[in-house]
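Trainee: Take a look at data-v6.txt, compact mmCIF, C-alpha atoms:
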```txt
# COMPACT_ATOMS: atom_id res chain seq x y z
CA MET A 95 51.00 -8.85 185.13
CA LEU A 96 53.46 -9.49 182.30
CA LYS A 97 51.98 -9.57 178.82
CA LYS A 98 52.09 -12.90 177.08
CA PRO A 99 54.73 -12.67 174.32
CA VAL A 100 53.40 -12.61 170.78
CA PRO A 101 54.54 -15.80 169.02
CA HIS A 102 56.58 -15.76 165.83
CA PRO A 103 56.12 -13.94 163.45
CA GLY A 104 55.14 -11.36 166.07
CA TYR A 105 52.36 -9.60 164.17
CA SER A 106 49.84 -7.95 166.47
CA ALA A 107 46.97 -5.55 165.88
CA THR A 108 47.02 -2.14 167.54
CA LYS A 109 43.50 -1.16 166.43
CA PRO A 110 40.15 -2.69 167.43
CA CYS A 111 39.47 -5.87 165.49
CA LEU A 112 37.15 -5.37 162.53
CA ALA A 113 33.94 -7.40 162.54
CA ALA A 114 35.08 -9.21 159.39
CA PHE A 115 38.21 -10.51 161.07
CA GLN A 116 36.39 -11.35 164.28
CA THR A 117 34.11 -13.54 162.18
CA LEU A 118 37.14 -14.99 160.37
CA PHE A 119 38.84 -15.99 163.61
CA HIS A 120 35.63 -17.59 164.86
CA ASP A 121 34.97 -19.42 161.59
CA LEU A 122 38.55 -20.65 161.27
CA GLY A 123 38.41 -21.95 164.83
CA GLU A 124 35.32 -24.03 164.13
CA GLN A 125 36.51 -25.11 160.68
CA ASP A 126 39.96 -26.04 162.01
CA ALA A 127 38.33 -28.28 164.62
CA CYS A 128 36.36 -30.14 161.95
CA ILE A 129 39.40 -30.54 159.72
CA GLN A 130 41.49 -31.77 162.64
CA LEU A 131 38.79 -34.33 163.43
CA GLN A 132 38.87 -35.54 159.83
CA GLU A 133 42.66 -35.85 159.91
CA ILE A 134 42.61 -37.75 163.19
CA SER A 135 39.92 -40.06 161.80
CA GLN A 136 42.05 -40.81 158.75
CA ARG A 137 45.08 -41.57 160.89
CA PHE A 138 43.04 -43.74 163.24
CA LEU A 139 41.56 -45.66 160.32
CA GLU A 140 45.01 -46.26 158.85
CA ALA A 141 46.46 -47.36 162.21
CA THR A 142 43.48 -49.67 162.86
CA ALA A 143 43.88 -51.35 159.48
CA GLU A 144 47.58 -51.83 160.16
CA GLY A 145 46.81 -53.27 163.60
CA MET A 146 44.46 -55.78 161.99
CA GLY A 147 47.11 -56.79 159.51
CA SER A 148 44.91 -55.56 156.67
CA LYS A 149 45.53 -53.26 153.76
CA VAL A 150 43.82 -49.97 154.40
CA GLU A 151 41.99 -50.20 151.06
CA ASN A 152 40.49 -53.58 152.07
CA PHE A 153 39.52 -52.23 155.46
CA LEU A 154 37.88 -49.25 153.77
CA GLN A 155 35.84 -51.54 151.54
CA ILE A 156 34.53 -53.42 154.57
CA LEU A 157 33.57 -50.15 156.30
CA TYR A 158 31.82 -48.72 153.25
CA GLN A 159 29.79 -51.90 152.80
CA ALA A 160 28.99 -52.26 156.51
CA HIS A 161 27.67 -48.71 156.74
CA GLU A 162 26.05 -48.71 153.28
CA VAL A 163 27.94 -45.56 152.29
CA PRO A 164 28.31 -44.90 148.54
CA HIS A 165 31.93 -44.61 147.45
CA GLY A 166 33.99 -43.58 144.48
CA THR A 167 37.31 -45.22 145.25
CA TYR A 168 39.08 -47.32 147.86
CA ASP A 169 42.38 -45.62 147.08
CA PHE A 170 43.17 -44.31 150.55
CA MET A 171 46.29 -42.35 149.63
CA LYS A 172 44.56 -40.64 146.71
CA MET A 173 41.68 -39.60 148.96
CA ARG A 174 44.09 -38.40 151.61
CA ASN A 175 45.96 -36.24 149.10
CA VAL A 176 42.70 -34.75 147.83
CA SER A 177 41.53 -34.06 151.37
CA HIS A 178 44.75 -32.21 152.26
CA LYS A 179 44.28 -29.89 149.31
CA SER A 180 40.60 -29.47 150.14
CA TYR A 181 41.61 -28.16 153.57
CA LEU A 182 43.47 -25.35 151.81
CA VAL A 183 40.48 -24.65 149.55
CA LEU A 184 38.15 -24.26 152.54
CA THR A 185 40.61 -22.18 154.51
CA TYR A 186 41.31 -19.79 151.65
CA ALA A 187 37.57 -19.37 150.99
CA SER A 188 37.04 -18.25 154.60
CA PHE A 189 39.92 -15.79 154.36
CA GLU A 190 38.85 -14.29 151.03
CA GLY A 191 35.28 -13.84 152.23
CA ALA A 192 36.45 -12.01 155.35
CA LEU A 193 38.91 -9.85 153.44
CA ASN A 194 36.26 -8.83 150.91
CA GLU A 195 33.98 -7.90 153.80
CA ALA A 196 36.75 -5.85 155.44
CA ILE A 197 37.42 -4.06 152.14
CA ASP A 198 33.71 -3.24 151.75
CA GLU A 199 33.64 -1.90 155.31
CA PHE A 200 36.72 0.24 154.59
CA LYS A 201 35.17 1.68 151.42
CA ALA A 202 31.87 2.45 153.17
CA ARG A 203 33.63 4.13 156.09
CA THR A 204 36.15 6.17 154.11
CA GLY A 205 34.37 6.71 150.79
CA ALA A 206 37.58 5.67 149.05
CA THR A 207 37.55 4.72 145.40
CA TRP A 208 38.64 1.15 144.88
CA SER A 209 39.89 -0.66 141.81
CA LYS A 210 39.65 -4.42 141.36
CA LYS A 211 42.01 -4.23 138.38
CA ASP A 212 45.61 -3.13 138.05
CA ALA A 213 46.98 -0.48 135.70
CA HIS A 214 46.91 -3.01 132.85
CA GLU A 215 43.23 -3.86 133.48
CA LYS A 216 44.15 -7.24 134.92
CA ALA A 217 41.84 -8.52 137.66
CA LEU A 218 43.39 -8.47 141.12
CA PRO A 219 42.67 -10.94 143.93
CA PRO A 220 41.52 -9.27 147.20
CA LEU A 221 44.92 -9.28 148.89
CA ALA A 222 46.61 -7.67 145.89
CA GLN A 223 43.77 -5.15 145.75
CA VAL A 224 44.70 -3.89 149.21
CA ALA A 225 48.32 -3.40 148.18
CA PHE A 226 47.34 -1.74 144.88
CA ASN A 227 44.71 0.63 146.27
CA LEU A 228 46.62 1.54 149.44
CA PRO A 229 50.18 1.89 148.10
CA SER A 230 51.49 3.47 151.32
CA ASN A 231 50.82 0.11 153.00
CA ALA A 232 51.95 -2.09 150.13
CA LYS A 233 55.47 -2.57 151.48
CA THR A 234 54.20 -3.71 154.89
CA LEU A 235 52.09 -6.37 153.22
CA GLN A 236 54.33 -7.49 150.39
CA THR A 237 57.54 -7.80 152.39
CA ALA A 238 55.86 -10.24 154.79
CA PRO A 239 56.53 -13.86 153.76
CA GLU A 240 52.89 -14.61 154.54
CA TYR A 241 51.85 -12.46 151.56
CA ARG A 242 53.59 -14.84 149.15
CA LEU A 243 52.39 -17.86 151.12
CA ILE A 244 48.75 -16.77 150.85
CA GLU A 245 49.19 -16.17 147.13
CA TYR A 246 50.77 -19.61 146.74
CA TYR A 247 47.94 -21.40 148.48
CA ARG A 248 45.46 -19.31 146.47
CA PHE A 249 46.96 -20.77 143.32
CA VAL A 250 46.81 -24.26 144.86
CA ARG A 251 43.13 -23.61 145.56
CA ILE A 252 42.56 -22.57 141.92
CA ALA A 253 44.47 -25.61 140.62
CA GLU A 254 42.42 -27.91 142.83
CA SER A 255 39.10 -26.34 141.82
CA HIS A 256 39.95 -26.02 138.10
CA ARG A 257 42.29 -28.84 137.19
CA THR A 258 44.12 -27.89 134.01
CA PRO A 259 47.79 -27.84 132.97
CA VAL A 260 47.67 -24.04 133.13
CA THR A 261 46.41 -23.84 136.72
CA SER A 262 48.81 -26.57 137.83
CA ALA A 263 51.74 -24.71 136.27
CA ALA A 264 50.61 -21.48 137.96
CA ALA A 265 50.62 -23.19 141.36
CA VAL A 266 54.13 -24.53 140.75
CA ALA A 267 55.29 -21.06 139.69
CA ALA A 268 53.78 -19.51 142.84
CA PHE A 269 55.63 -22.05 144.95
CA GLY A 270 58.82 -20.97 143.20
CA GLN A 271 58.19 -17.38 144.33
CA LEU A 272 58.76 -18.44 147.95
CA THR A 273 62.36 -17.55 148.77
CA ALA A 274 64.86 -19.40 150.93
CA THR A 275 64.35 -16.66 153.51
CA ASP A 276 60.60 -17.30 153.39
CA HIS A 277 61.13 -21.00 154.09
CA GLN A 278 63.42 -20.16 157.01
CA HIS A 279 60.75 -17.79 158.32
CA PHE A 280 58.05 -20.48 158.23
CA ALA A 281 60.39 -23.02 159.81
CA LYS A 282 60.26 -20.86 162.94
CA TYR A 283 56.48 -21.22 163.24
CA ALA A 284 55.48 -23.20 166.32
CA TYR A 285 53.94 -26.66 165.80
CA ILE A 286 54.70 -26.78 162.07
CA ASN A 287 56.86 -29.62 160.80
CA GLY A 288 57.76 -29.34 157.14
CA ALA A 289 55.69 -26.79 155.23
CA PRO A 290 55.10 -25.18 152.82
CA ASN A 291 55.36 -28.01 150.32
CA HIS A 292 55.39 -28.26 146.52
CA PRO A 293 51.88 -28.63 144.98
CA ASP A 294 52.60 -32.32 144.35
CA SER A 295 53.41 -32.90 148.03
CA ILE A 296 50.74 -30.95 149.94
CA SER A 297 50.27 -32.38 153.44
CA PHE A 298 48.38 -31.70 156.64
CA GLU A 299 51.33 -29.53 157.69
CA ASP A 300 50.43 -27.12 154.87
CA PHE A 301 46.97 -26.68 156.31
CA LYS A 302 48.40 -26.12 159.80
CA LEU A 303 50.78 -23.49 158.47
CA PHE A 304 48.15 -21.79 156.31
CA THR A 305 45.48 -21.34 158.96
CA ARG A 306 48.03 -20.10 161.49
CA ALA A 307 49.61 -17.70 158.97
CA LEU A 308 46.22 -16.26 158.06
CA LYS A 309 45.40 -15.52 161.68
CA TYR A 310 48.72 -13.73 162.20
CA PHE A 311 48.69 -11.87 158.89
CA SER A 312 45.12 -10.68 159.47
CA ASN A 313 46.48 -8.54 162.30
CA LEU A 314 48.46 -6.54 159.70
CA LEU A 315 45.43 -6.29 157.44
CA ASN A 316 43.25 -5.19 160.33
CA ASP A 317 45.51 -2.24 161.16
CA ILE A 318 45.58 -1.18 157.52
CA LEU A 319 41.81 -1.43 156.94
CA ALA A 320 40.50 -0.43 160.39
```
Any chance you could give the structure as structure tokens?

Mentor:
Amino acid sequence: MLKKPVPHPGYSATKPCLAAFQTLFHDLGEQDACIQLQEISQRFLEATAEGMGSKVENFLQILYQAHEVPHGTYDFMKMRNVSHKSYLVLTYASFEGALNEAIDEFKARTGATWSKKDAHEKALPPLAQVAFNLPSNAKTLQTAPEYRLIEYYRFVRIAESHRTPVTSAAAVAAFGQLTATDHQHFAKYAYINGAPNHPDSISFEDFKLFTRALKYFSNLLNDILA
């Protein structure tokens, strides 16, 4: 029987999948389903309001009152924008938790020393820790466009969780680190239509790209840490 071709970007693991990444794939599957349900619900609500000839904000007000649900705003577009960024926050949290677990498993198995800071004593996020502590694998990780994409969405996550001019500027700067070649690379992803986007224009497509990229890129991480 012919093997099913590996979809773009073609990353596949050659070693048994670590427990941390098995859990990640399971958790992302369940989380993705919930997020997709939320997105469909938002689109259905918007389409229903339009079909009734009503403004979506007015329709929302009726629904909140009918179901006695407390609310903070009827601004549908504002809530939609916040929800799209929240999808990235949840997705990154799942990834970081799994990567930290995989790193701990690697350290326990190999007895390797591990630094969470770079040569200048600056704290490193988990993905950068792998590249820093395992320099022979750094090129494999850092030349992949997904490495910069994950870092970009990490900064979006920080900017969404800690809203300051500094964190917002950092997210914009991280977006600027994505090259034209990176964008061409992501344009080849199946089922993605227009992502990644600038921090001011995050959409559901960003979530679709992010969760798919994490699953692919984790195959590279698995072979490095297994």

Trainee: In Å to one decimal, how far is atom CA of Leu314 of chain A from atom CA of Gly288 of chain A?

Mentor: 24.8 Å

Trainee: Fewer than 5 positions away in the same chain doesn't count, so skip those; otherwise give me all residues within 10 Å of Thr108 of chain A, counting all atoms listed in the file, as a VMD selection string.

Mentor: chain A and resid 313 to 314 316 to 317 320

Trainee: Go through A:Gln271, A:Thr204, A:Thr258, A:Gln223 and flag the residue nearest Arg242 of chain A, using all atoms listed in the file for the distances.

Mentor: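 The shortest atom-to-atom distance to Arg242 of chain A comes from A:Gln271.
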
Trainee: With all atoms listed in the file as the counted atoms, please give the residues lying no more than 12 Å from Phe249 of chain A, apart from itself and same-chain residues fewer than 6 positions off, as a list in words.

Mentor: Lys179, Leu182, Val183, Tyr186, Pro219, Arg242, Leu243, Ser255, His256, Arg257, Val260, Thr261, Ser262, Ala263, Ala264, Ala265, Val266, Ala267, Ala268, Phe269, Gly270, Gln271, His292 and Pro293 of chain A

Trainee: Which residues come within 9 Å of Ala222 of chain A, counting all atoms listed in the file, excluding same-chain residues fewer than 3 positions away, as a list in words?

Mentor: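 Contacts, in chain order: Lys210, Leu218, Pro219, Ala225, Phe226, Asn227, Ala232, Gln236 and Glu245 of chain A.
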
Trainee: Take segment 277-303 of chain A, model N, CA and C atoms, and hand the result over as a short mmCIF file (atom, residue, chain, number, x, y, z; two decimals), in the frame of the given file.

Mentor:
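Final file, out_9.cif:
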```cif
data_model
loop_
_atom_site.label_atom_id
_atom_site.label_comp_id
_atom_site.auth_asym_id
_atom_site.auth_seq_id
_atom_site.Cartn_x
_atom_site.Cartn_y
_atom_site.Cartn_z
N HIS A 277 61.17 -19.65 153.51
CA HIS A 277 61.13 -21.00 154.09
C HIS A 277 61.74 -21.00 155.49
N GLN A 278 62.81 -20.26 155.68
CA GLN A 278 63.42 -20.16 157.01
C GLN A 278 62.45 -19.49 157.99
N HIS A 279 61.74 -18.50 157.51
CA HIS A 279 60.75 -17.79 158.32
C HIS A 279 59.66 -18.76 158.79
N PHE A 280 59.13 -19.56 157.88
CA PHE A 280 58.05 -20.48 158.23
C PHE A 280 58.54 -21.64 159.10
N ALA A 281 59.83 -21.96 158.97
CA ALA A 281 60.39 -23.02 159.81
C ALA A 281 60.39 -22.64 161.29
N LYS A 282 60.27 -21.34 161.56
CA LYS A 282 60.26 -20.86 162.94
C LYS A 282 58.85 -20.86 163.54
N TYR A 283 57.85 -21.14 162.72
CA TYR A 283 56.48 -21.22 163.24
C TYR A 283 56.38 -22.37 164.23
N ALA A 284 55.68 -22.15 165.33
CA ALA A 284 55.48 -23.20 166.32
C ALA A 284 54.53 -24.27 165.77
N TYR A 285 54.81 -25.51 166.09
CA TYR A 285 53.94 -26.66 165.80
C TYR A 285 53.86 -27.04 164.33
N ILE A 286 54.71 -26.45 163.49
CA ILE A 286 54.70 -26.78 162.07
C ILE A 286 55.94 -27.60 161.75
N ASN A 287 55.74 -28.73 161.11
CA ASN A 287 56.86 -29.62 160.80
C ASN A 287 56.91 -29.93 159.30
N GLY A 288 57.57 -29.05 158.55
CA GLY A 288 57.76 -29.34 157.14
C GLY A 288 56.70 -28.77 156.22
N ALA A 289 56.60 -27.48 156.15
CA ALA A 289 55.69 -26.79 155.23
C ALA A 289 56.22 -25.37 155.05
N PRO A 290 55.97 -24.74 153.91
CA PRO A 290 55.10 -25.18 152.82
C PRO A 290 55.75 -26.21 151.91
N ASN A 291 54.90 -26.97 151.22
CA ASN A 291 55.36 -28.01 150.32
C ASN A 291 54.96 -27.71 148.87
N HIS A 292 55.67 -28.34 147.96
CA HIS A 292 55.39 -28.26 146.52
C HIS A 292 53.95 -28.73 146.28
N PRO A 293 53.27 -28.21 145.26
CA PRO A 293 51.88 -28.63 144.98
C PRO A 293 51.69 -30.14 144.88
N ASP A 294 52.72 -30.86 144.46
CA ASP A 294 52.60 -32.32 144.35
C ASP A 294 52.75 -33.03 145.69
N SER A 295 53.12 -32.27 146.73
CA SER A 295 53.41 -32.90 148.03
C SER A 295 52.68 -32.22 149.18
N ILE A 296 51.51 -31.62 148.90
CA ILE A 296 50.74 -30.95 149.94
C ILE A 296 50.39 -31.94 151.05
N SER A 297 50.57 -31.52 152.30
CA SER A 297 50.27 -32.38 153.44
C SER A 297 49.45 -31.64 154.47
N PHE A 298 49.12 -32.33 155.56
CA PHE A 298 48.38 -31.70 156.64
C PHE A 298 49.17 -30.55 157.25
N GLU A 299 50.50 -30.61 157.16
CA GLU A 299 51.33 -29.53 157.69
C GLU A 299 51.08 -28.22 156.93
N ASP A 300 50.75 -28.33 155.65
CA ASP A 300 50.43 -27.12 154.87
C ASP A 300 49.18 -26.45 155.42
N PHE A 301 48.18 -27.25 155.72
CA PHE A 301 46.97 -26.68 156.31
C PHE A 301 47.28 -26.01 157.65
N LYS A 302 48.06 -26.69 158.50
CA LYS A 302 48.40 -26.12 159.80
C LYS A 302 49.12 -24.78 159.65
N LEU A 303 50.05 -24.72 158.71
CA LEU A 303 50.78 -23.49 158.47
C LEU A 303 49.85 -22.41 157.92
#
```
